[in-house]
Amino acid sequence: MPVGEFELIARYFERGPARRELLGIGDDCALLAPGARGDALAVSTDLLLEGRHFFADADPVSVGHKALAVNLSDLAAMGARPRAFTLALALPAVDEAWLAGFCRGLFALADRHDCELVGGDTTRGPLTACITVFGDVPAQAALRRDAAQPDDDLWVSGTVGAAALAVHDRSEGRERAADDPARRRLDWPEPRVALGLALRHVARAAIDLSDGLAGDLGHILERSRVAAQLDWEAVPVDATLDGLPDALRRRLALSGGDDYELLFSAAPENRAAIEAAGQRLGLPLARIGRIVAGAGLRLRDARGRPIDLDGHGFDHFA
């Protein structure tokens, strides 16, 4: 017998009464409990569309993971602690095996970050998952894109370019297995929530790398009305890009998307605190340049000579 909409919700998404919030799934709205005194409510929404944000043959477990991970990454970039989320899911048909896998990936990550599902919607349509996530952050500690200042250091977590390599290879007709390191970086991004919390009162501006390092850095520069010098040799390019032609390696590392690492600026006097946070979290943090007065982004080689930027990040409508 076909599964109806409300049975689908009850079977796959109901997890009992809300644990922390006042009211969760089952009513017209969720009710979120007031946050800690002085905390702001951080809210972000991201939409994942089959064929655009994940491959049609992607493991549904990874799709559930990624749908929430990209939203938690936005909270991380603000220094916010996750608390709850809603899910709007469009399905071409009810595929119970796919739904079971999707929920397994979704709730494994949600439980790891103590972030509970409190509502949403389901409908028939092209496979799409849209999540709105809520988090808490002290208003004065939020990491905002408009807060970078001249002489700040520029830092990035982890490595960049691997997810973009997986997308590039598929566009060239070369398929990577699901357990390939580049494909795993695309399908299983890791939101840097703990790093975002550690950067409160340490970093100034931050952004998560969804559309490419150069393009996302450009958003900080525009909002903060500053410029940046970026040292190419200091950029932590993922090892999966080793051996590629220099121009392609640089384009994937700087203009590719889906890294979901944190890029942030901080005063030079906070270098020791940032390095200590990276060591405590077991997460490499690289200092890749600095903020300067002016406008625009200047890329330099190891001898300080300018390098032309090939592309400035992903744009859905370009």
# chains A, B, ... in the order shown; residues from 1 in each chain; ligands from 1
>>> residues_around(residues="range 257-260 of chain A", least_positions_apart="3", cutoff="8 Å", atoms="only C-alpha atoms", output="ChimeraX atom specification")
/A:70,73,159-164,185-186,189-192,208-213,313-314
>>> residues_around(residues="Leu285 in chain A", least_positions_apart="4", cutoff="9 Å", atoms="only C-alpha atoms", output="PyMOL selection string")
chain A and resi 155-159+236+274-275+277-279
>>> atom_distance(atom1="CA of Ala67 in chain A", atom2="CA of Glu96 in chain A")
18.1 Å
>>> residues_around(residues="Ala142 in chain A", least_positions_apart="3", cutoff="8 Å", atoms="only C-alpha atoms", output="JSON list (two decimals) with C-alpha atoms, in the first residue's frame")
[["chain", "number", "residue", "atom", "x", "y", "z"],
["A", 78, "MET", "CA", 29.04, 32.87, 12.53],
["A", 79, "GLY", "CA", 30.43, 31.19, 15.66],
["A", 80, "ALA", "CA", 26.92, 29.91, 16.47],
["A", 137, "VAL", "CA", 25.56, 33.09, 19.47],
["A", 138, "PRO", "CA", 26.30, 36.00, 21.80],
["A", 139, "ALA", "CA", 25.60, 39.07, 19.67],
["A", 200, "ARG", "CA", 34.54, 33.61, 19.20]]
>>> residues_around(residues="Ala273 in chain A", least_positions_apart="6", cutoff="12 Å", atoms="only C-alpha atoms", output="ChimeraX atom specification")
/A:195,198-203,266-267,279-280,285
>>> residues_around(residues="range 291-304 of chain A", least_positions_apart="3", cutoff="9 Å", atoms="only C-alpha atoms", output="PDB file with N, CA and C atoms, in the first residue's frame")
ATOM      1  N   ALA A 148      36.191  42.505   8.932  1.00  0.00           N
ATOM      2  CA  ALA A 148      37.631  42.430   8.644  1.00  0.00           C
ATOM      3  C   ALA A 148      38.249  43.820   8.660  1.00  0.00           C
ATOM      4  N   GLN A 149      39.506  43.900   9.125  1.00  0.00           N
ATOM      5  CA  GLN A 149      40.202  45.185   9.215  1.00  0.00           C
ATOM      6  C   GLN A 149      41.589  45.074   8.584  1.00  0.00           C
ATOM      7  N   PRO A 150      42.099  46.184   8.020  1.00  0.00           N
ATOM      8  CA  PRO A 150      43.460  46.161   7.476  1.00  0.00           C
ATOM      9  C   PRO A 150      44.463  45.667   8.513  1.00  0.00           C
ATOM     10  N   ASP A 151      45.432  44.892   8.035  1.00  0.00           N
ATOM     11  CA  ASP A 151      46.486  44.249   8.826  1.00  0.00           C
ATOM     12  C   ASP A 151      46.039  42.957   9.488  1.00  0.00           C
ATOM     13  N   ASP A 152      44.753  42.594   9.386  1.00  0.00           N
ATOM     14  CA  ASP A 152      44.341  41.266   9.844  1.00  0.00           C
ATOM     15  C   ASP A 152      45.061  40.187   9.058  1.00  0.00           C
ATOM     16  N   ASP A 153      45.373  39.074   9.725  1.00  0.00           N
ATOM     17  CA  ASP A 153      45.803  37.866   9.032  1.00  0.00           C
ATOM     18  C   ASP A 153      44.590  37.198   8.391  1.00  0.00           C
ATOM     19  N   LEU A 154      44.831  36.475   7.301  1.00  0.00           N
ATOM     20  CA  LEU A 154      43.810  35.629   6.687  1.00  0.00           C
ATOM     21  C   LEU A 154      44.176  34.175   6.946  1.00  0.00           C
ATOM     22  N   ALA A 214      38.399  32.143  -3.514  1.00  0.00           N
ATOM     23  CA  ALA A 214      38.508  33.499  -4.042  1.00  0.00           C
ATOM     24  C   ALA A 214      37.163  34.223  -4.022  1.00  0.00           C
ATOM     25  N   LEU A 217      36.038  34.817  -0.320  1.00  0.00           N
ATOM     26  CA  LEU A 217      36.842  35.901   0.245  1.00  0.00           C
ATOM     27  C   LEU A 217      36.364  37.246  -0.292  1.00  0.00           C
ATOM     28  N   GLY A 218      35.973  37.266  -1.558  1.00  0.00           N
ATOM     29  CA  GLY A 218      35.462  38.504  -2.145  1.00  0.00           C
ATOM     30  C   GLY A 218      34.253  39.046  -1.406  1.00  0.00           C
ATOM     31  N   LEU A 221      35.592  40.901   1.573  1.00  0.00           N
ATOM     32  CA  LEU A 221      36.226  42.151   1.157  1.00  0.00           C
ATOM     33  C   LEU A 221      35.184  43.205   0.817  1.00  0.00           C
ATOM     34  N   GLU A 222      34.142  42.799   0.110  1.00  0.00           N
ATOM     35  CA  GLU A 222      33.105  43.742  -0.277  1.00  0.00           C
ATOM     36  C   GLU A 222      32.351  44.266   0.938  1.00  0.00           C
ATOM     37  N   ARG A 225      34.703  46.369   3.057  1.00  0.00           N
ATOM     38  CA  ARG A 225      35.287  47.501   2.324  1.00  0.00           C
ATOM     39  C   ARG A 225      36.807  47.551   2.498  1.00  0.00           C
ATOM     40  N   VAL A 226      37.429  46.405   2.247  1.00  0.00           N
ATOM     41  CA  VAL A 226      38.880  46.278   2.335  1.00  0.00           C
ATOM     42  C   VAL A 226      39.367  45.460   1.138  1.00  0.00           C
ATOM     43  N   ALA A 227      40.677  45.274   1.060  1.00  0.00           N
ATOM     44  CA  ALA A 227      41.304  44.447   0.028  1.00  0.00           C
ATOM     45  C   ALA A 227      42.087  43.329   0.716  1.00  0.00           C
ATOM     46  N   ALA A 228      42.641  42.433  -0.085  1.00  0.00           N
ATOM     47  CA  ALA A 228      43.429  41.335   0.487  1.00  0.00           C
ATOM     48  C   ALA A 228      44.586  40.985  -0.415  1.00  0.00           C
ATOM     49  N   GLN A 229      45.679  40.564   0.201  1.00  0.00           N
ATOM     50  CA  GLN A 229      46.805  39.944  -0.480  1.00  0.00           C
ATOM     51  C   GLN A 229      46.799  38.468  -0.103  1.00  0.00           C
ATOM     52  N   LEU A 230      46.732  37.614  -1.109  1.00  0.00           N
ATOM     53  CA  LEU A 230      46.651  36.170  -0.891  1.00  0.00           C
ATOM     54  C   LEU A 230      47.928  35.522  -1.407  1.00  0.00           C
ATOM     55  N   ASP A 231      48.585  34.740  -0.558  1.00  0.00           N
ATOM     56  CA  ASP A 231      49.852  34.097  -0.916  1.00  0.00           C
ATOM     57  C   ASP A 231      49.568  32.679  -1.417  1.00  0.00           C
ATOM     58  N   TRP A 232      49.699  32.483  -2.731  1.00  0.00           N
ATOM     59  CA  TRP A 232      49.340  31.200  -3.336  1.00  0.00           C
ATOM     60  C   TRP A 232      50.093  30.037  -2.713  1.00  0.00           C
ATOM     61  N   GLU A 233      51.381  30.203  -2.434  1.00  0.00           N
ATOM     62  CA  GLU A 233      52.181  29.094  -1.904  1.00  0.00           C
ATOM     63  C   GLU A 233      51.738  28.687  -0.501  1.00  0.00           C
ATOM     64  N   ALA A 234      51.000  29.555   0.205  1.00  0.00           N
ATOM     65  CA  ALA A 234      50.549  29.238   1.554  1.00  0.00           C
ATOM     66  C   ALA A 234      49.182  28.561   1.571  1.00  0.00           C
ATOM     67  N   SER A 265      39.414  36.115   9.202  1.00  0.00           N
ATOM     68  CA  SER A 265      40.448  37.111   9.458  1.00  0.00           C
ATOM     69  C   SER A 265      40.581  37.309  10.958  1.00  0.00           C
ATOM     70  N   ILE A 307      49.892  37.044  -9.616  1.00  0.00           N
ATOM     71  CA  ILE A 307      49.400  35.918 -10.408  1.00  0.00           C
ATOM     72  C   ILE A 307      47.975  36.246 -10.810  1.00  0.00           C
ATOM     73  N   ASP A 308      47.650  35.998 -12.077  1.00  0.00           N
ATOM     74  CA  ASP A 308      46.284  36.231 -12.535  1.00  0.00           C
ATOM     75  C   ASP A 308      45.345  35.199 -11.923  1.00  0.00           C
ATOM     76  N   LEU A 309      44.185  35.661 -11.449  1.00  0.00           N
ATOM     77  CA  LEU A 309      43.160  34.766 -10.923  1.00  0.00           C
ATOM     78  C   LEU A 309      42.314  34.253 -12.066  1.00  0.00           C
TER      79      LEU A 309
END
>>> closest_residue(among="A:Ala58, A:Leu117, A:Leu262, A:Leu143", to="Arg176 in chain A", atoms="only C-alpha atoms")
A:Ala58
